[in-house]
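Remarks on the structure that follows.
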Amino acid sequence: KASAIDKIAIAPNPFNNEITLSFEMEKSATVKVELYTALGKLVTTLLQDNTINAGRHNFTYSTGHITSGVYFIKIEIDGQATMKKIIKM
């Protein structure tokens, strides 16, 4: 059975001025979302250890302040983390 960490969608990718992170959780959990440069430097924390209830969730972030290039979003749900590559046009 797929966990919440396996059901993460990021769109659009490549993106321009905003990006939406979508995921579904079967139970409430602590969620942390961070944006990193391709070199591993933390750009910003999008969600800081927020407790998110069960269900489908969409978070939209404005990305107009970051320069074009390759980035990684790190999503951590109850301590289980994954990295997703994203491209800013």
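Chain identifiers are assigned as A, B, and so on, following the order in which chains appear in the structure tokens; residues are numbered from 1 within each chain, and ligands are numbered from 1 in order of appearance.
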Item to check | Shell of 10 Å around Ile10 (chain A), only C-alpha atoms, local chain residues under 6 positions omitted, as number ranges by chain | outcome: A: 19-23, 58-60, 73, 84-86
Checklist entry - Do you know which residues are at most 12 Å from Ser68 (chain A) counting only C-alpha atoms, after dropping those on the same chain fewer than 6 positions away, and could you put them as a PyMOL selection string? => result chain A and resi 14-17+37-38+86-89
Could you name the residues that touch Arg56 (chain A) at 10 Å or less, counting only C-alpha atoms, but leaving out those on the same chain fewer than 4 positions away, as a CSV table (one decimal) with N, CA, C and O atoms, in the first residue's frame?
```csv
chain,number,residue,atom,x,y,z
A,4,ALA,N,1.6,8.1,2.2
A,4,ALA,CA,1.4,9.5,1.8
A,4,ALA,C,2.6,10.1,1.1
A,4,ALA,O,2.5,10.8,0.1
A,22,SER,N,0.5,18.7,-3.9
A,22,SER,CA,-0.7,17.9,-3.5
A,22,SER,C,-0.3,16.6,-2.9
A,22,SER,O,0.6,15.9,-3.4
A,23,PHE,N,-1.0,16.2,-1.9
A,23,PHE,CA,-0.8,14.9,-1.3
A,23,PHE,C,-2.1,14.5,-0.5
A,23,PHE,O,-2.9,15.3,-0.1
A,24,GLU,N,-2.2,13.2,-0.3
A,24,GLU,CA,-3.3,12.6,0.5
A,24,GLU,C,-2.8,11.8,1.7
A,24,GLU,O,-1.9,11.0,1.5
A,25,MET,N,-3.4,12.0,2.8
A,25,MET,CA,-3.0,11.3,4.0
A,25,MET,C,-4.1,10.6,4.6
A,25,MET,O,-5.2,11.1,4.7
A,26,GLU,N,-3.8,9.4,5.1
A,26,GLU,CA,-4.8,8.5,5.7
A,26,GLU,C,-5.1,8.9,7.2
A,26,GLU,O,-6.1,8.6,7.7
A,52,ILE,N,-1.0,18.2,10.0
A,52,ILE,CA,-2.0,18.2,8.9
A,52,ILE,C,-2.9,17.0,9.1
A,52,ILE,O,-2.5,15.9,9.4
```
Item to check | Residues flagged strand (DSSP E or B) by DSSP in region 2-89 of chain A, as a PyMOL selection string | outcome: chain A and resi 9-11+15+18-25+29-37+42-52+55-62+69-77+80-88
Item to check | Interatomic distance (Å, one decimal) between CA of Asn50 (chain A) and CA of Thr82 (chain A) | outcome: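 Going from CA of Asn50 (chain A) over to CA of Thr82 (chain A) covers 16.7 Å.
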Checklist entry - So what do you get for CA of Glu76 (chain A) versus CA of Tyr61 (chain A), distance-wise? => result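 That distance, rounded to one decimal, is 16.8 Å.
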Next on the checklist: Which residues are near Val31 (chain A)? Cut-off 10 Å, only C-alpha atoms, ignore same chain within fewer than 3 positions. Put them as a ChimeraX atom specification.
Outcome noted: /A:28,47-53,75-81
Item to check | Gly40 (chain A) surroundings by only C-alpha atoms, 12 Å radius, close-in-sequence under 3 positions cut, as an MDAnalysis selection string | outcome: chainID A and resid 34:37 43:44 70:74 83 85
Write out the residues from the selection above, keeping N, CA and C atoms, as a short mmCIF file (atom, residue, chain, number, x, y, z; two decimals), in the first residue's frame.
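Okay, this is what ended up in part25.cif:
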```
data_model
loop_
_atom_site.label_atom_id
_atom_site.label_comp_id
_atom_site.auth_asym_id
_atom_site.auth_seq_id
_atom_site.Cartn_x
_atom_site.Cartn_y
_atom_site.Cartn_z
N GLU A 34 10.45 21.87 2.63
CA GLU A 34 11.54 22.82 2.45
C GLU A 34 11.94 22.88 0.98
N LEU A 35 12.40 24.04 0.55
CA LEU A 35 12.86 24.25 -0.82
C LEU A 35 14.37 24.46 -0.79
N TYR A 36 15.10 23.67 -1.60
CA TYR A 36 16.56 23.73 -1.67
C TYR A 36 17.03 24.04 -3.09
N THR A 37 18.21 24.68 -3.18
CA THR A 37 18.85 24.85 -4.49
C THR A 37 19.42 23.50 -4.92
N VAL A 43 16.56 27.31 0.65
CA VAL A 43 16.02 28.58 0.16
C VAL A 43 14.97 29.09 1.13
N THR A 44 14.02 28.23 1.48
CA THR A 44 12.95 28.62 2.39
C THR A 44 12.25 27.37 2.93
N VAL A 70 17.28 24.78 -11.28
CA VAL A 70 16.85 23.51 -10.71
C VAL A 70 16.78 23.63 -9.19
N TYR A 71 15.71 23.13 -8.62
CA TYR A 71 15.50 23.13 -7.17
C TYR A 71 15.02 21.76 -6.72
N PHE A 72 15.06 21.54 -5.44
CA PHE A 72 14.51 20.32 -4.86
C PHE A 72 13.56 20.70 -3.74
N ILE A 73 12.40 20.05 -3.71
CA ILE A 73 11.48 20.19 -2.59
C ILE A 73 11.65 18.94 -1.72
N LYS A 74 11.92 19.18 -0.44
CA LYS A 74 12.02 18.08 0.52
C LYS A 74 10.72 18.06 1.30
N MET A 83 12.67 13.66 -1.67
CA MET A 83 13.06 14.87 -2.40
C MET A 83 12.48 14.77 -3.81
N LYS A 85 12.62 16.76 -7.59
CA LYS A 85 13.30 17.75 -8.42
C LYS A 85 12.26 18.61 -9.15
#
```
